[in-house]
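Quick look at entry-v5.cif (mmCIF, C-alpha atoms):
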```cif
data_my_file
loop_
_atom_site.label_atom_id
_atom_site.label_comp_id
_atom_site.auth_asym_id
_atom_site.auth_seq_id
_atom_site.Cartn_x
_atom_site.Cartn_y
_atom_site.Cartn_z
CA MET U 886 87.62 118.66 102.37
CA GLN U 887 91.17 118.69 103.75
CA ASN U 888 94.35 117.21 102.33
CA HIS U 889 96.41 114.96 104.60
CA PRO U 890 99.61 112.98 104.02
CA ARG U 891 98.74 109.58 102.60
CA HIS U 892 101.97 107.98 103.82
CA ARG U 893 103.71 109.09 107.02
CA LEU U 894 107.52 109.27 107.13
CA THR U 895 107.81 106.15 109.29
CA THR U 896 105.61 104.25 106.85
CA ARG U 897 107.70 105.37 103.89
CA LEU U 898 110.98 104.45 105.56
CA TRP U 899 109.67 101.05 106.59
CA HIS U 900 108.29 100.47 103.09
CA GLY U 901 111.76 100.93 101.56
CA VAL U 902 113.60 98.80 104.12
CA ASN U 903 110.92 96.14 103.97
CA ALA U 904 111.00 95.96 100.17
CA LEU U 905 114.79 95.49 100.18
CA CYS U 906 114.67 92.86 102.93
CA LEU U 907 111.89 90.87 101.28
CA LEU U 908 113.70 90.86 97.94
CA ILE U 909 116.92 89.55 99.51
CA LEU U 910 115.01 87.09 101.70
CA LEU U 911 113.20 85.73 98.65
CA MET U 912 116.35 85.33 96.54
CA SER U 913 118.42 83.83 99.37
CA GLY U 914 115.46 81.61 100.29
CA LEU U 915 115.44 80.22 96.76
CA THR U 916 119.12 79.33 97.23
CA ILE U 917 118.23 77.45 100.42
CA PHE U 918 115.34 75.70 98.67
CA ASN U 919 117.74 74.59 95.91
CA ALA U 920 119.44 72.36 98.50
CA HIS U 921 116.35 70.18 98.84
CA PRO U 922 113.55 71.14 96.41
CA ARG U 923 110.83 69.04 98.04
CA LEU U 924 108.06 69.92 100.51
CA TYR U 925 106.43 67.61 103.06
CA TRP U 926 103.80 67.66 105.78
CA GLY U 927 104.63 66.54 109.30
CA GLU U 928 107.80 66.45 111.36
CA TYR U 929 110.11 64.58 109.02
CA GLY U 930 110.90 64.49 105.32
CA ALA U 931 113.70 63.04 103.19
CA ASN U 932 114.31 61.84 99.64
CA ASN U 933 112.44 58.56 100.10
CA ASP U 934 109.40 60.18 101.75
CA TYR U 935 106.37 61.35 99.81
CA ALA U 936 106.57 65.06 98.96
CA TRP U 937 103.40 66.99 98.14
CA MET U 938 105.49 69.32 95.97
CA ALA U 939 108.82 68.63 94.31
CA VAL U 940 111.03 69.99 91.57
CA GLY U 941 113.01 67.31 89.78
CA SER U 942 115.85 67.53 87.32
CA SER U 943 118.17 65.54 85.13
CA SER U 944 120.73 66.29 82.47
CA THR U 945 117.98 66.53 79.85
CA MET U 946 114.86 67.91 81.56
CA GLY U 947 113.31 69.60 84.56
CA TYR U 948 109.83 69.24 86.02
CA LEU U 949 107.52 70.53 88.75
CA ARG U 950 105.23 68.07 90.54
CA PHE U 951 102.17 68.87 92.68
CA GLY U 952 100.81 65.64 94.14
CA GLU U 953 100.49 63.39 91.12
CA THR U 954 100.39 66.24 88.59
CA ARG U 955 103.68 66.72 86.76
CA ILE U 956 104.57 69.76 84.65
CA GLU U 957 107.69 69.95 82.49
CA THR U 958 109.78 73.04 83.31
CA THR U 959 112.86 72.47 81.16
CA GLY U 960 114.63 75.76 80.54
CA VAL U 961 112.96 77.44 83.54
CA LEU U 962 113.21 75.23 86.65
CA GLY U 963 115.39 72.18 87.29
CA ASN U 964 117.18 72.27 83.96
CA TRP U 965 118.41 75.56 82.52
CA GLN U 966 121.46 77.12 80.93
CA ASP U 967 123.69 79.72 82.56
CA SER U 968 125.18 82.77 80.81
CA GLU U 969 127.99 80.61 79.44
CA GLY U 970 125.62 78.07 77.93
CA ARG U 971 126.30 75.35 80.50
CA THR U 972 123.40 73.18 81.62
CA ARG U 973 122.58 73.48 85.31
CA THR U 974 120.31 71.09 87.20
CA TRP U 975 119.58 72.89 90.46
CA VAL U 976 116.07 74.30 90.70
CA PHE U 977 116.17 78.08 90.41
CA PRO U 978 118.53 79.82 87.96
CA GLY U 979 121.37 82.01 89.19
CA TRP U 980 119.71 85.31 88.26
CA ALA U 981 116.91 84.55 90.77
CA THR U 982 119.12 83.59 93.73
CA ILE U 983 121.59 85.14 96.18
CA PRO U 984 124.37 84.22 95.67
CA SER U 985 124.05 83.60 91.93
CA SER U 986 126.12 80.41 92.22
CA TYR U 987 124.92 77.53 94.37
CA SER U 988 126.09 77.95 97.97
CA LEU U 989 123.82 76.82 100.79
CA ALA U 990 126.07 78.34 103.48
CA ASP U 991 126.15 81.78 101.83
CA GLY U 992 122.41 81.64 101.14
CA ARG U 993 121.75 81.01 104.82
CA ARG U 994 124.01 83.88 105.88
CA TRP U 995 122.16 86.34 103.63
CA HIS U 996 118.78 84.96 104.69
CA PHE U 997 119.33 85.02 108.44
CA PHE U 998 121.00 88.45 108.49
CA PHE U 999 118.19 90.19 106.61
CA ALA U 1000 115.55 88.15 108.47
CA TRP U 1001 116.62 89.85 111.70
CA ILE U 1002 116.48 93.30 110.07
CA PHE U 1003 113.05 92.51 108.63
CA SER U 1004 111.70 91.15 111.95
CA LEU U 1005 112.94 94.14 113.94
CA GLY U 1006 111.50 96.56 111.37
CA LEU U 1007 108.13 94.84 111.38
CA MET U 1008 107.96 94.92 115.18
CA LEU U 1009 108.83 98.62 115.32
CA PHE U 1010 106.35 99.41 112.55
CA MET U 1011 103.53 97.61 114.37
CA ILE U 1012 104.30 99.44 117.63
CA ARG U 1013 104.47 102.76 115.81
CA SER U 1014 101.22 102.05 113.91
CA LEU U 1015 99.38 101.44 117.18
CA TRP U 1016 100.99 104.45 118.85
CA ASN U 1017 100.14 106.98 116.10
CA ARG U 1018 96.72 105.33 115.62
CA HIS U 1019 97.46 104.42 112.00
CA VAL U 1020 95.66 101.09 112.50
CA GLN U 1021 92.60 102.61 114.15
CA ARG U 1022 92.44 105.59 111.78
CA ASP U 1023 93.17 103.99 108.42
CA LEU U 1024 92.38 100.28 108.77
CA HIS U 1025 89.31 100.18 111.00
CA MET U 1026 86.44 98.35 109.25
CA SER U 1027 82.91 99.59 109.84
CA LYS U 1028 79.92 97.22 110.01
CA LYS U 1029 78.92 98.33 106.52
CA GLU U 1030 82.33 97.39 105.12
CA TRP U 1031 82.05 93.85 106.52
CA ARG U 1032 78.93 93.16 104.47
CA PRO U 1033 79.61 90.63 101.66
CA SER U 1034 77.77 92.87 99.18
CA HIS U 1035 80.04 95.80 100.04
CA ILE U 1036 83.19 93.67 99.73
CA TRP U 1037 82.02 92.29 96.39
CA ARG U 1038 81.25 95.77 95.08
CA SER U 1039 84.70 96.99 96.10
CA PHE U 1040 86.32 93.97 94.46
CA ARG U 1041 84.33 94.57 91.28
CA ASP U 1042 85.42 98.22 91.27
CA HIS U 1043 89.03 97.05 91.29
CA THR U 1044 88.49 95.59 87.83
CA ARG U 1045 87.68 99.06 86.44
CA ILE U 1046 90.70 101.11 85.43
CA SER U 1047 88.83 104.41 85.90
CA VAL U 1048 88.21 103.57 89.58
CA ILE U 1049 91.80 102.38 90.12
CA ARG U 1050 93.17 105.65 88.76
CA GLN U 1051 91.09 107.66 91.24
CA SER U 1052 91.85 105.49 94.29
CA TRP U 1053 95.34 106.91 94.91
CA SER U 1054 94.03 110.06 96.65
CA GLU U 1055 91.07 108.51 98.49
CA GLU U 1056 90.68 106.72 101.79
CA TYR U 1057 91.60 103.04 101.82
CA ASN U 1058 88.68 101.00 100.51
CA VAL U 1059 87.66 97.65 101.98
CA ILE U 1060 89.80 95.57 99.59
CA GLN U 1061 92.86 97.67 100.38
CA LYS U 1062 92.18 97.41 104.12
CA LEU U 1063 91.72 93.62 104.01
CA THR U 1064 94.86 93.22 101.90
CA TYR U 1065 96.87 95.54 104.16
CA ILE U 1066 95.74 93.70 107.29
CA GLY U 1067 96.30 90.29 105.70
CA VAL U 1068 99.84 91.06 104.55
CA ILE U 1069 101.11 93.13 107.51
CA PHE U 1070 99.43 91.33 110.38
CA ILE U 1071 99.06 87.77 109.06
CA LEU U 1072 101.41 86.81 106.21
CA LEU U 1073 104.53 88.65 107.39
CA PRO U 1074 104.30 87.45 111.04
CA LEU U 1075 103.54 83.96 109.71
CA MET U 1076 106.78 84.06 107.70
CA ILE U 1077 108.70 84.92 110.86
CA CYS U 1078 107.00 82.28 113.01
CA THR U 1079 107.45 79.47 110.47
CA GLY U 1080 111.07 80.52 109.98
CA LEU U 1081 111.66 80.24 113.72
CA ALA U 1082 109.82 76.91 113.83
CA MET U 1083 112.32 75.46 111.34
CA SER U 1084 115.28 76.38 113.55
CA PRO U 1085 116.77 73.38 115.43
CA ALA U 1086 117.57 75.65 118.38
CA MET U 1087 113.98 76.88 118.58
CA ASP U 1088 112.70 73.33 118.18
CA ALA U 1089 114.85 72.21 121.12
CA ASN U 1090 114.00 75.10 123.45
CA TRP U 1091 110.45 76.04 122.38
CA PRO U 1092 108.99 72.91 120.76
CA LEU U 1093 105.46 74.33 121.19
CA LEU U 1094 106.06 76.69 118.24
CA THR U 1095 106.94 73.79 115.95
CA ASP U 1096 104.02 71.75 117.27
CA LEU U 1097 101.62 74.57 116.36
CA PHE U 1098 102.43 73.95 112.69
CA GLY U 1099 102.38 70.16 112.96
CA GLY U 1100 106.13 69.67 112.68
CA ARG U 1101 109.21 71.25 111.12
CA GLN U 1102 108.41 70.04 107.61
CA SER U 1103 104.89 71.43 107.85
CA ALA U 1104 106.36 74.75 109.00
CA ARG U 1105 108.69 74.66 105.96
CA SER U 1106 105.71 74.04 103.65
CA VAL U 1107 103.71 76.88 105.20
CA HIS U 1108 106.78 79.11 104.93
CA PHE U 1109 107.05 78.37 101.20
CA ILE U 1110 103.31 78.83 100.58
CA THR U 1111 103.30 82.14 102.47
CA ALA U 1112 106.31 83.35 100.47
CA SER U 1113 104.44 82.46 97.27
CA LEU U 1114 101.42 84.47 98.43
CA LEU U 1115 103.66 87.45 99.14
CA VAL U 1116 105.11 87.21 95.63
CA LEU U 1117 101.56 87.12 94.25
CA PHE U 1118 100.70 90.19 96.35
CA PHE U 1119 103.77 91.99 95.00
CA VAL U 1120 102.80 91.26 91.38
CA ILE U 1121 99.21 92.48 91.92
CA HIS U 1122 100.49 95.50 93.86
CA MET U 1123 102.80 96.50 91.01
CA VAL U 1124 100.01 96.07 88.45
CA MET U 1125 97.79 98.39 90.54
CA VAL U 1126 100.63 100.94 90.78
CA LEU U 1127 101.09 100.91 87.01
CA LEU U 1128 97.36 101.27 86.36
CA SER U 1129 96.83 104.07 88.86
CA GLY U 1130 99.78 106.18 87.71
CA PRO U 1131 103.32 104.95 88.52
CA ILE U 1132 105.00 108.38 88.70
CA ARG U 1133 102.36 109.73 91.07
CA GLN U 1134 102.48 106.60 93.23
CA ILE U 1135 106.27 106.49 93.43
CA ARG U 1136 106.34 110.19 94.33
CA GLY U 1137 103.76 109.47 97.02
CA ILE U 1138 105.71 106.66 98.67
CA ILE U 1139 108.87 108.82 98.62
CA LEU U 1140 107.42 112.23 99.55
CA GLY U 1141 104.18 111.18 101.28
CA GLY U 1142 101.50 112.19 98.80
CA THR U 1143 98.09 113.48 99.85
CA ARG U 1144 94.60 112.13 100.29
CA LYS U 1145 91.26 113.76 100.86
CA GLU U 1146 89.50 113.57 104.19
CA GLN U 1147 86.29 115.13 105.38
CA SER U 1148 87.01 118.16 107.55
CA LYS U 1149 85.60 117.93 111.08
#
```
Let's see the structure in the file written out as structure tokens.
Amino acid sequence: MQNHPRHRLTTRLWHGVNALCLLILLMSGLTIFNAHPRLYWGEYGANNDYAWMAVGSSSTMGYLRFGETRIETTGVLGNWQDSEGRTRTWVFPGWATIPSSYSLADGRRWHFFFAWIFSLGLMLFMIRSLWNRHVQRDLHMSKKEWRPSHIWRSFRDHTRISVIRQSWSEEYNVIQKLTYIGVIFILLPLMICTGLAMSPAMDANWPLLTDLFGGRQSARSVHFITASLLVLFFVIHMVMVLLSGPIRQIRGIILGGTRKEQSK
């Protein structure tokens, strides 16, 4: 057996930049969503159109609606109190947004600036991953790994803390590979493409991109859903880090860590 770096320097640098960008993109995106907290399918959508998801508010309550299902969210979404005890009726509270006060213009500035940094970083990371054979070496799936029984067994192992604690030094298993591929090569590019599809300039010059998603409002809905999936991934990722040894994992993503490989 030989020990090899688990995380290359380029991967570690991109991980840090990407984490910062995604955090700021999420918080500034929530500011933008506060301007019109409704989601539609198709090309158009306004207050009088049917929204498949909406957050409503008044001076006394807040609620979240999916289709015809309505959930009261008073104190969390739509109706909450700021640090001075004043009732606010925009959707997301100030601690979750950038800026902390409602400003659509400032939210867009933060969002677009870090979107370019994020997009450039993702492109460079993908090129680098193909060049240093990170994708072929670490993410290639064998025929055995594609078997449903193998995927199920790997998923079941992820419910056992003893297995999670040992996984930090091993090769990526099939669940890690599928998650890695899904996030890096599907969800993140999808965020970029749907973001571009919502741009009026892109819609005017490259309408095909908007058409691929069925319209600007559909692109906005997919953008929001994809962002929600990334938040879910982050929560699960952090739970796995805590269960497998946070100090060891943090040291690994900063210094590289090691993993065991069969010597050839």
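The shortest atom-to-atom distance to Phe997 of chain U, with all atoms listed in the file taken into account, belongs to U:Ile909 out of U:Leu1024, U:Ile1071, U:Ile909, U:Met938.
Reported to one decimal place, the separation of atom CA of Tyr935 of chain U from atom CA of Arg1101 of chain U is 15.3 Å.
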### Task
For each of U:His1019, U:Trp975, U:Gly1099, U:Leu1005, take the minimum atom-to-atom distance to Leu989 of chain U, counting only C-alpha atoms, then give the residue where this is smallest.
U:Trp975
### Resolved residues for the PyMOL selection byres ((chain U and resi 1105) around 8) as a PyMOL selection string
chain U and resi 924-925+1079-1080+1083+1101-1104+1106-1109
### Message
For the PyMOL selection byres ((chain U and resi 912-921) around 8), applied here, can you spell out every residue it catches as a PyMOL selection string?
### Response
chain U and resi 908-911+922-923+975-977+981-984+987-989+992-993+995-996
Using C-alpha atoms, can you export the residues from the last selection as a tab-separated table (two decimals), in the frame of the given file?
```tsv
chain	number	residue	atom	x	y	z
U	908	LEU	CA	113.70	90.86	97.94
U	909	ILE	CA	116.92	89.55	99.51
U	910	LEU	CA	115.01	87.09	101.70
U	911	LEU	CA	113.20	85.73	98.65
U	922	PRO	CA	113.55	71.14	96.41
U	923	ARG	CA	110.83	69.04	98.04
U	975	TRP	CA	119.58	72.89	90.46
U	976	VAL	CA	116.07	74.30	90.70
U	977	PHE	CA	116.17	78.08	90.41
U	981	ALA	CA	116.91	84.55	90.77
U	982	THR	CA	119.12	83.59	93.73
U	983	ILE	CA	121.59	85.14	96.18
U	984	PRO	CA	124.37	84.22	95.67
U	987	TYR	CA	124.92	77.53	94.37
U	988	SER	CA	126.09	77.95	97.97
U	989	LEU	CA	123.82	76.82	100.79
U	992	GLY	CA	122.41	81.64	101.14
U	993	ARG	CA	121.75	81.01	104.82
U	995	TRP	CA	122.16	86.34	103.63
U	996	HIS	CA	118.78	84.96	104.69
```
Non-local contacts of segment 956-962 of chain U (9 Å; only C-alpha atoms; under 5 positions in same chain excluded) as a compact mmCIF listing (two decimals) with C-alpha atoms, in the coordinates of the input:
```txt
# COMPACT_ATOMS: atom_id res chain seq x y z
CA VAL U 940 111.03 69.99 91.57
CA GLY U 941 113.01 67.31 89.78
CA SER U 942 115.85 67.53 87.32
CA THR U 945 117.98 66.53 79.85
CA MET U 946 114.86 67.91 81.56
CA GLY U 947 113.31 69.60 84.56
CA TYR U 948 109.83 69.24 86.02
CA LEU U 949 107.52 70.53 88.75
CA ARG U 950 105.23 68.07 90.54
CA PHE U 951 102.17 68.87 92.68
CA THR U 974 120.31 71.09 87.20
CA TRP U 975 119.58 72.89 90.46
CA VAL U 976 116.07 74.30 90.70
CA PHE U 977 116.17 78.08 90.41
CA PRO U 978 118.53 79.82 87.96
```
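The residue that comes closest to Arg1045 of chain U, out of U:Asp991, U:Glu953, U:Ile1002, U:Met1125 and on the basis of only C-alpha atoms, is U:Met1125.
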I want to know what sits within 12 Å of Phe1070 of chain U, based on only C-alpha atoms, with residues of the same chain fewer than 2 positions away left out; could you give that as a PDB file with C-alpha atoms, in the coordinates of the input?
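Okay, this is what ended up in result.pdb:
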```
ATOM      1  CA  LEU U1007     108.130  94.840 111.380  1.00  0.00           C
ATOM      2  CA  MET U1008     107.960  94.920 115.180  1.00  0.00           C
ATOM      3  CA  PHE U1010     106.350  99.410 112.550  1.00  0.00           C
ATOM      4  CA  MET U1011     103.530  97.610 114.370  1.00  0.00           C
ATOM      5  CA  ILE U1012     104.300  99.440 117.630  1.00  0.00           C
ATOM      6  CA  SER U1014     101.220 102.050 113.910  1.00  0.00           C
ATOM      7  CA  VAL U1020      95.660 101.090 112.500  1.00  0.00           C
ATOM      8  CA  LEU U1024      92.380 100.280 108.770  1.00  0.00           C
ATOM      9  CA  LYS U1062      92.180  97.410 104.120  1.00  0.00           C
ATOM     10  CA  LEU U1063      91.720  93.620 104.010  1.00  0.00           C
ATOM     11  CA  THR U1064      94.860  93.220 101.900  1.00  0.00           C
ATOM     12  CA  TYR U1065      96.870  95.540 104.160  1.00  0.00           C
ATOM     13  CA  ILE U1066      95.740  93.700 107.290  1.00  0.00           C
ATOM     14  CA  GLY U1067      96.300  90.290 105.700  1.00  0.00           C
ATOM     15  CA  VAL U1068      99.840  91.060 104.550  1.00  0.00           C
ATOM     16  CA  LEU U1072     101.410  86.810 106.210  1.00  0.00           C
ATOM     17  CA  LEU U1073     104.530  88.650 107.390  1.00  0.00           C
ATOM     18  CA  PRO U1074     104.300  87.450 111.040  1.00  0.00           C
ATOM     19  CA  LEU U1075     103.540  83.960 109.710  1.00  0.00           C
ATOM     20  CA  MET U1076     106.780  84.060 107.700  1.00  0.00           C
ATOM     21  CA  ILE U1077     108.700  84.920 110.860  1.00  0.00           C
TER      22      ILE U1077
END
```
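Distances here use all atoms listed in the file; by that measure, the residue among U:Ile1121, U:Val1059, U:Ala1082, U:Leu1009 closest to Arg1032 of chain U is U:Val1059.
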### Query
Of the candidates U:Ser1004, U:Arg1018, U:Ile1060, U:Arg897, which one gets nearest to Trp1031 of chain U if we count only C-alpha atoms?
U:Ile1060
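For the pair atom CA of Val1126 of chain U and atom CA of Ile1110 of chain U, the separation is 24.3 Å.
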### Task
To one decimal in Å, tell me the separation between atom CA of Phe998 of chain U and atom CA of Leu907 of chain U.
11.9 Å
